[in-house]
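What follows is data-v9.cif (mmCIF, C-alpha atoms).
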```cif
data_coords
loop_
_atom_site.label_atom_id
_atom_site.label_comp_id
_atom_site.auth_asym_id
_atom_site.auth_seq_id
_atom_site.Cartn_x
_atom_site.Cartn_y
_atom_site.Cartn_z
CA MET W 1 81.41 97.88 90.77
CA THR W 2 80.95 96.63 94.32
CA ASP W 3 82.90 98.18 97.21
CA ARG W 4 84.99 95.03 97.43
CA ASN W 5 85.95 95.15 93.77
CA ARG W 6 86.62 98.88 93.98
CA ILE W 7 88.92 98.45 96.99
CA LEU W 8 90.88 95.67 95.32
CA ALA W 9 91.10 97.54 92.00
CA GLU W 10 92.35 100.70 93.70
CA LEU W 11 94.90 98.78 95.78
CA ALA W 12 96.22 97.02 92.69
CA ASP W 13 96.41 100.19 90.62
CA ARG W 14 98.09 102.14 93.43
CA ALA W 15 100.62 99.37 94.04
CA ARG W 16 101.56 99.06 90.36
CA ARG W 17 102.00 102.82 90.04
CA ASP W 18 104.00 102.85 93.28
CA LEU W 19 106.38 100.21 91.93
CA GLN W 20 106.76 102.00 88.59
CA LEU W 21 107.41 105.28 90.39
CA ARG W 22 110.24 103.60 92.29
CA TYR W 23 111.71 102.32 89.02
CA ASP W 24 111.43 105.74 87.38
CA HIS W 25 113.18 107.36 90.32
CA PHE W 26 116.00 104.82 90.15
CA ASP W 27 116.36 105.21 86.39
CA ARG W 28 116.69 108.98 86.63
CA GLU W 29 119.33 108.73 89.34
CA GLU W 30 121.22 106.03 87.46
CA ALA W 31 121.18 108.05 84.24
CA ALA W 32 122.52 111.09 86.11
CA ARG W 33 125.29 109.03 87.73
CA THR W 34 126.30 107.54 84.39
CA ALA W 35 126.27 110.94 82.66
CA ALA W 36 128.54 112.33 85.37
CA ILE W 37 131.31 109.85 84.48
CA SER W 38 133.59 111.21 81.80
CA ASP W 39 134.43 109.11 78.74
CA GLU W 40 138.05 108.97 79.92
CA ARG W 41 137.03 107.67 83.34
CA LYS W 42 134.71 105.11 81.77
CA LYS W 43 137.62 103.86 79.71
CA GLN W 44 139.85 103.60 82.80
CA LEU W 45 137.19 101.62 84.64
CA ASN W 46 136.38 99.48 81.58
CA LEU W 47 132.77 100.67 81.65
CA THR W 48 132.00 99.64 78.10
CA PRO W 49 128.58 99.72 76.42
CA GLU W 50 128.51 95.95 76.95
CA HIS W 51 129.00 96.46 80.68
CA PHE W 52 126.02 98.81 80.87
CA ARG W 53 123.92 96.51 78.70
CA LYS W 54 124.52 93.55 81.05
CA ALA W 55 123.85 95.71 84.09
CA TRP W 56 120.47 96.75 82.69
CA GLU W 57 119.66 93.16 81.75
CA PHE W 58 120.20 92.19 85.39
CA ILE W 59 118.03 95.08 86.60
CA GLU W 60 115.25 94.21 84.18
CA GLY W 61 115.41 90.57 85.23
CA ARG W 62 115.00 91.55 88.86
CA ARG W 63 112.09 93.81 87.96
CA VAL W 64 110.31 90.98 86.19
CA GLN W 65 110.52 89.00 89.43
CA GLU W 66 109.35 91.95 91.52
CA ARG W 67 106.37 92.59 89.25
CA ALA W 68 105.43 88.91 89.42
CA GLN W 69 105.69 88.98 93.23
CA LEU W 70 103.45 92.03 93.35
CA GLU W 71 100.82 90.32 91.21
CA LYS W 72 100.88 87.36 93.61
CA GLY W 73 100.37 89.78 96.50
CA ILE W 74 97.45 91.44 94.72
CA ALA W 75 95.88 88.04 94.06
CA PHE W 76 96.40 87.05 97.72
CA PHE W 77 94.49 90.10 98.92
CA GLY W 78 91.69 89.04 96.60
CA THR W 79 91.09 86.09 98.96
CA PHE W 80 90.48 88.36 101.98
CA SER W 81 87.02 88.84 103.46
CA SER W 82 85.06 91.95 102.55
CA ASP W 83 85.00 93.25 106.13
CA VAL W 84 88.80 93.15 106.41
CA LEU W 85 89.19 94.92 103.06
CA ALA W 86 86.65 97.55 104.10
CA ALA W 87 88.47 98.17 107.40
CA LEU W 88 91.76 98.58 105.56
CA ASP W 89 90.20 100.94 103.02
CA ASP W 90 88.62 103.07 105.74
CA ASP W 91 91.94 103.29 107.58
CA LEU W 92 93.74 104.38 104.40
CA ARG W 93 91.18 107.10 103.69
CA ASN W 94 91.57 108.47 107.20
CA GLU W 95 95.35 108.00 107.47
CA GLY W 96 94.67 105.75 110.41
CA PRO W 97 96.94 103.72 112.70
CA PHE W 98 97.36 100.76 110.35
CA SER W 99 98.43 102.92 107.41
CA ASN W 100 100.86 104.87 109.58
CA ALA W 101 102.33 101.72 111.13
CA HIS W 102 102.95 100.09 107.74
CA GLY W 103 104.06 103.06 105.64
CA ILE W 104 101.19 103.00 103.15
CA SER W 105 99.09 105.86 101.83
CA LEU W 106 96.49 106.78 99.25
CA ARG W 107 99.21 109.04 97.80
CA ASP W 108 101.46 106.10 96.92
CA GLY W 109 102.14 105.97 93.19
CA THR W 110 101.56 109.68 92.62
CA PRO W 111 104.23 112.06 91.27
CA GLY W 112 106.35 113.53 94.00
CA ARG W 113 105.81 110.64 96.40
CA HIS W 114 108.78 108.33 96.44
CA THR W 115 108.96 105.19 98.56
CA SER W 116 111.87 102.90 99.27
CA ARG W 117 112.08 99.20 98.47
CA HIS W 118 110.68 98.46 101.93
CA SER W 119 107.78 100.90 102.18
CA GLY W 120 104.75 101.91 100.17
CA THR W 121 101.76 99.99 98.86
CA ALA W 122 103.82 97.91 96.40
CA SER W 123 106.10 96.54 99.11
CA PHE W 124 103.18 96.08 101.48
CA LEU W 125 101.27 93.85 99.05
CA SER W 126 104.35 92.01 97.77
CA GLU W 127 105.65 91.13 101.22
CA PHE W 128 102.40 90.77 103.17
CA LYS W 129 102.02 86.99 102.98
CA SER W 130 105.61 86.23 103.97
CA ARG W 131 105.60 88.86 106.75
CA HIS W 132 102.13 88.55 108.20
CA SER W 133 100.64 85.18 107.22
CA GLY W 134 97.16 86.28 106.20
CA GLU W 135 94.15 88.48 106.82
CA ARG W 136 94.08 87.58 110.53
CA TYR W 137 96.97 90.03 110.98
CA ILE W 138 94.85 92.96 109.77
CA ARG W 139 91.88 91.78 111.83
CA ASP W 140 94.01 91.44 114.98
CA PHE W 141 95.63 94.81 114.43
CA PHE W 142 92.28 96.59 114.31
CA THR W 143 90.97 94.60 117.28
CA PHE W 144 93.88 95.42 119.59
CA LEU W 145 95.63 98.46 118.02
CA PRO W 146 99.12 97.51 119.25
CA THR W 147 101.81 100.15 119.66
CA ASP W 148 104.23 97.52 118.37
CA PRO W 149 102.64 95.33 115.64
CA SER W 150 105.35 92.65 116.01
CA ILE W 151 103.74 91.68 119.32
CA ILE W 152 100.89 90.16 117.32
CA HIS W 153 103.29 87.66 115.79
CA ASP W 154 104.81 86.90 119.20
CA ALA W 155 101.36 86.25 120.62
CA TRP W 156 100.45 83.87 117.81
CA ALA W 157 103.62 81.86 118.47
CA ALA W 158 103.13 81.84 122.24
CA LEU W 159 99.52 80.66 121.97
CA GLY W 160 100.28 78.18 119.18
CA LEU W 161 97.88 79.84 116.73
CA GLU W 162 97.94 78.95 113.05
CA GLU W 163 96.20 80.61 110.11
CA PRO W 164 93.33 81.40 109.96
CA THR W 165 92.92 81.58 113.74
CA GLY W 166 94.10 84.84 115.26
CA LEU W 167 93.93 86.65 118.56
CA THR W 168 90.49 88.03 117.74
CA GLU W 169 89.01 84.54 117.57
CA VAL W 170 90.78 83.43 120.75
CA ALA W 171 89.47 86.51 122.55
CA ASP W 172 85.90 85.83 121.35
CA GLU W 173 85.84 82.08 121.94
CA GLN W 174 88.19 81.39 124.86
CA TYR W 175 89.15 84.44 126.87
CA SER W 176 88.04 88.02 126.23
CA LYS W 177 89.16 91.04 124.27
CA GLN W 178 90.17 92.72 127.52
CA ALA W 179 92.27 89.77 128.70
CA ILE W 180 94.15 89.38 125.42
CA GLY W 181 94.57 93.14 125.11
CA ASP W 182 95.99 93.34 128.64
CA MET W 183 98.42 90.53 127.91
CA LEU W 184 99.67 92.33 124.80
CA LEU W 185 100.00 95.57 126.71
CA VAL W 186 101.93 93.96 129.56
CA THR W 187 104.36 92.33 127.17
CA ARG W 188 104.85 95.59 125.28
CA ALA W 189 105.56 97.37 128.56
CA LEU W 190 108.05 94.67 129.56
CA ARG W 191 109.83 95.03 126.23
CA SER W 192 109.94 98.81 126.58
CA ALA W 193 111.31 98.51 130.12
CA GLN W 194 114.11 96.27 128.87
CA GLU W 195 114.92 98.61 125.97
CA ALA W 196 115.00 101.64 128.28
CA TYR W 197 117.24 99.82 130.75
CA GLN W 198 119.57 98.80 127.94
CA GLY W 199 119.82 102.43 126.80
CA GLN W 200 120.80 103.52 130.29
CA PHE W 201 123.25 100.62 130.49
CA VAL W 202 124.96 101.76 127.29
CA LYS W 203 125.31 105.32 128.60
CA SER W 204 126.89 104.20 131.86
CA THR W 205 129.07 101.30 130.65
CA GLY W 206 129.62 101.81 126.91
CA TYR W 207 128.45 99.92 123.83
CA GLY W 208 130.39 96.76 124.61
CA TRP W 209 128.50 95.95 127.78
CA GLY W 210 125.30 97.38 126.30
CA ASP W 211 125.49 95.00 123.34
CA GLU W 212 126.24 92.11 125.67
CA PHE W 213 123.17 92.97 127.75
CA ALA W 214 121.01 93.27 124.62
CA TYR W 215 122.15 89.85 123.42
CA ARG W 216 121.65 88.28 126.85
CA THR W 217 118.15 89.68 127.25
CA GLU W 218 116.85 89.23 123.68
CA HIS W 219 114.56 86.45 124.86
CA LEU W 220 112.90 88.84 127.29
CA ARG W 221 111.47 90.90 124.45
CA HIS W 222 109.22 88.17 123.12
CA PHE W 223 106.16 86.32 124.34
CA THR W 224 106.58 82.88 125.83
CA ARG W 225 103.91 80.22 126.12
CA ALA W 226 104.52 79.89 129.86
CA PHE W 227 104.02 83.61 130.42
CA ALA W 228 100.89 83.73 128.26
CA GLU W 229 99.37 80.79 130.17
CA TYR W 230 100.27 82.32 133.53
CA TYR W 231 98.81 85.70 132.66
CA LEU W 232 95.60 84.48 131.04
CA GLU W 233 94.88 82.00 133.81
CA ARG W 234 95.45 84.43 136.67
CA VAL W 235 95.11 87.94 135.19
CA PRO W 236 97.14 89.34 138.09
CA ALA W 237 97.01 92.92 139.31
CA ASP W 238 99.86 95.08 138.01
CA GLU W 239 101.65 95.14 141.38
CA ALA W 240 101.38 91.38 141.76
CA LEU W 241 102.65 90.89 138.22
CA ALA W 242 105.65 93.16 138.81
CA TYR W 243 106.49 91.27 141.99
CA GLU W 244 106.16 87.91 140.24
CA LEU W 245 108.42 88.94 137.34
CA GLY W 246 110.88 90.62 139.67
CA ASN W 247 111.28 87.52 141.78
CA SER W 248 110.99 84.69 139.24
CA THR W 249 113.84 82.86 137.56
CA LYS W 250 114.33 82.95 133.81
CA ASP W 251 113.33 79.33 133.33
CA ARG W 252 109.96 79.83 134.99
CA TYR W 253 108.24 82.00 132.38
CA GLY W 254 111.10 82.75 130.01
CA LEU W 255 110.58 86.37 131.08
CA THR W 256 112.04 88.35 133.99
CA LEU W 257 112.68 92.01 134.73
CA GLU W 258 116.44 91.30 134.45
CA GLY W 259 117.78 94.42 136.13
CA VAL W 260 114.67 96.56 135.68
CA THR W 261 113.15 97.56 139.00
CA GLU W 262 109.56 96.64 139.74
CA GLN W 263 108.76 100.35 140.13
CA ASN W 264 110.18 101.27 136.71
CA PHE W 265 108.22 98.47 135.09
CA LEU W 266 105.01 99.60 136.80
CA GLN W 267 105.54 103.19 135.65
CA ILE W 268 105.92 102.11 132.03
CA LEU W 269 102.98 99.71 132.26
CA GLN W 270 100.71 102.36 133.75
CA ARG W 271 101.80 104.84 131.09
CA TYR W 272 100.68 102.37 128.41
CA ARG W 273 97.40 101.80 130.22
CA GLY W 274 96.81 105.53 130.12
CA SER W 275 97.32 105.75 126.34
CA ILE W 276 93.91 106.54 124.91
CA GLY W 277 92.83 104.37 122.00
CA ARG W 278 95.57 101.82 122.47
CA MET W 279 95.03 98.46 124.07
CA ALA W 280 98.57 97.23 123.46
#
```
Taking this structure as input, can you express it in the form of structure tokens?
Amino acid sequence: MTDRNRILAELADRARRDLQLRYDHFDREEAARTAAISDERKKQLNLTPEHFRKAWEFIEGRRVQERAQLEKGIAFFGTFSSDVLAALDDDLRNEGPFSNAHGISLRDGTPGRHTSRHSGTASFLSEFKSRHSGERYIRDFFTFLPTDPSIIHDAWAALGLEEPTGLTEVADEQYSKQAIGDMLLVTRALRSAQEAYQGQFVKSTGYGWGDEFAYRTEHLRHFTRAFAEYYLERVPADEALAYELGNSTKDRYGLTLEGVTEQNFLQILQRYRGSIGRMA
């Protein structure tokens, strides 16, 4: 068996066991809940054998759909390049940043390890295509190691990238790994600055005003095409960037500091720059 086939076979086996483990856990809890209801209470609530039969029919129907979705996810991973699969396998074996960021582990599907509907290898494979488009997501993650993986999606949208082209290809062919990595880092720092400011705003004014601020500044937490073009064309120094964002209007780049001081933004940005092993 080649490494590629081994990786795919192990992923598939782990995901199927992970899904079955989730079902077994649910079944045990459901059986315990049902057993705890007295016959008298069941009669009062009209919980007849027919009621339980229909409930389990619904559950089994949903499981058929979930198993089918998992098999589609497994087949989708079978289209990925060998280098991407190898990088994912190596990360899993070393409990690396990708595994930690996506809640997957070599221990998934083993007794004693329970995962929710939205974590674990089964969910990862089932939802990967709808959440992350394709293998470019894994490639871009390993290229830039973002502290917030959602920034990858924002960057694709801002740069107008469609599958299979990702940030890695744009860095290699048009800009550079450093330039794209810096842009991701700057945007992550801007988002963190806004989130920190919102937290302080909530403490000083209450949740009402804090929620209003969060709603009003939601657009500031995502890439914009105008900002991406500005940054990649000029690659400004941090101080110049802070001044530009602090003195620009919202309709210029779709991004402003919006209440965050230039100094606070610079402190957060420089903290990210000092994070070893993280480009974004």
Between CA of Ala75 in chain W and CA of Phe26 in chain W - distance in Å to one decimal: 26.5 Å
Between CA of Leu269 in chain W and CA of Val186 in chain W - distance in Å to one decimal: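 CA of Leu269 in chain W lies at a distance of 6.4 Å from CA of Val186 in chain W.
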Got a sec: who's within 12 Å of range 83-86 of chain W, counting all atoms listed in the file, leaving out chain neighbours fewer than 5 positions off, as a tab-separated table (two decimals) with C-alpha atoms, keeping the file's coordinate frame?
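Once written, part_18.tsv looks like this:
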```tsv
chain	number	residue	atom	x	y	z
W	2	THR	CA	80.95	96.63	94.32
W	3	ASP	CA	82.90	98.18	97.21
W	4	ARG	CA	84.99	95.03	97.43
W	5	ASN	CA	85.95	95.15	93.77
W	6	ARG	CA	86.62	98.88	93.98
W	7	ILE	CA	88.92	98.45	96.99
W	8	LEU	CA	90.88	95.67	95.32
W	9	ALA	CA	91.10	97.54	92.00
W	10	GLU	CA	92.35	100.70	93.70
W	11	LEU	CA	94.90	98.78	95.78
W	76	PHE	CA	96.40	87.05	97.72
W	77	PHE	CA	94.49	90.10	98.92
W	78	GLY	CA	91.69	89.04	96.60
W	91	ASP	CA	91.94	103.29	107.58
W	92	LEU	CA	93.74	104.38	104.40
W	93	ARG	CA	91.18	107.10	103.69
W	134	GLY	CA	97.16	86.28	106.20
W	135	GLU	CA	94.15	88.48	106.82
W	136	ARG	CA	94.08	87.58	110.53
W	137	TYR	CA	96.97	90.03	110.98
W	138	ILE	CA	94.85	92.96	109.77
W	139	ARG	CA	91.88	91.78	111.83
W	140	ASP	CA	94.01	91.44	114.98
W	141	PHE	CA	95.63	94.81	114.43
W	142	PHE	CA	92.28	96.59	114.31
W	143	THR	CA	90.97	94.60	117.28
```
Atom-to-atom span, CA of Ala101 in chain W and CA of Ile151 in chain W, Å: 13.0 Å
Selection result for the PyMOL selection byres ((chain W and resi 108) around 12) on this file, as an MDAnalysis selection string: chainID W and resid 10:22 92 99 103:107 109:116 119:124
Can you list every residue of range 121-192 of chain W that has an atom at most 10 Å from range 223-235 of chain W, with its nearest atom pair and the distance in Å to one decimal, using all atoms listed in the file, ordered by chain then number, as a tab-separated table?
```
residue	atom	partner	partner_atom	distance
W:Ile151	CA	W:Phe223	CA	7.7
W:Ile152	CA	W:Phe223	CA	9.6
W:His153	CA	W:Phe223	CA	9.1
W:Asp154	CA	W:Phe223	CA	5.3
W:Ala155	CA	W:Phe223	CA	6.1
W:Trp156	CA	W:Phe223	CA	9.0
W:Ala157	CA	W:Phe223	CA	7.8
W:Ala158	CA	W:Arg225	CA	4.3
W:Leu159	CA	W:Arg225	CA	6.1
W:Gly160	CA	W:Arg225	CA	8.1
W:Tyr175	CA	W:Leu232	CA	7.7
W:Ser176	CA	W:Leu232	CA	9.6
W:Ala179	CA	W:Leu232	CA	6.7
W:Ile180	CA	W:Leu232	CA	7.6
W:Asp182	CA	W:Val235	CA	8.5
W:Met183	CA	W:Tyr231	CA	6.8
W:Leu184	CA	W:Phe223	CA	8.9
W:Val186	CA	W:Tyr231	CA	9.4
W:Thr187	CA	W:Phe223	CA	6.9
W:Arg188	CA	W:Phe223	CA	9.4
W:Arg191	CA	W:Phe223	CA	9.6
```
With C-alpha atoms kept, could you save the residues just selected as a CSV table (one decimal), in the frame of the given file?
```csv
chain,number,residue,atom,x,y,z
W,151,ILE,CA,103.7,91.7,119.3
W,152,ILE,CA,100.9,90.2,117.3
W,153,HIS,CA,103.3,87.7,115.8
W,154,ASP,CA,104.8,86.9,119.2
W,155,ALA,CA,101.4,86.2,120.6
W,156,TRP,CA,100.4,83.9,117.8
W,157,ALA,CA,103.6,81.9,118.5
W,158,ALA,CA,103.1,81.8,122.2
W,159,LEU,CA,99.5,80.7,122.0
W,160,GLY,CA,100.3,78.2,119.2
W,175,TYR,CA,89.2,84.4,126.9
W,176,SER,CA,88.0,88.0,126.2
W,179,ALA,CA,92.3,89.8,128.7
W,180,ILE,CA,94.2,89.4,125.4
W,182,ASP,CA,96.0,93.3,128.6
W,183,MET,CA,98.4,90.5,127.9
W,184,LEU,CA,99.7,92.3,124.8
W,186,VAL,CA,101.9,94.0,129.6
W,187,THR,CA,104.4,92.3,127.2
W,188,ARG,CA,104.8,95.6,125.3
W,191,ARG,CA,109.8,95.0,126.2
```
Residues within 10 Å of Lys72 in chain W, all atoms listed in the file, excluding chain neighbours under 6 positions, as a ChimeraX atom specification: /W:66,78,125-127,129
Range 177-184 of chain W, all listed atoms, 8 Å padding on each side: what axis-aligned box centre and edge lengths in Å to one decimal come out, as lines of an AutoDock Vina configuration file?
```
center_x = 94.4
center_y = 91.4
center_z = 126.5
size_x = 26.5
size_y = 20.0
size_z = 20.4
```
Nearby residues, (93.7, 80.7, 108.3) file frame, 10 Å, only C-alpha atoms, as a PyMOL selection string: chain W and resi 133-136+161-166
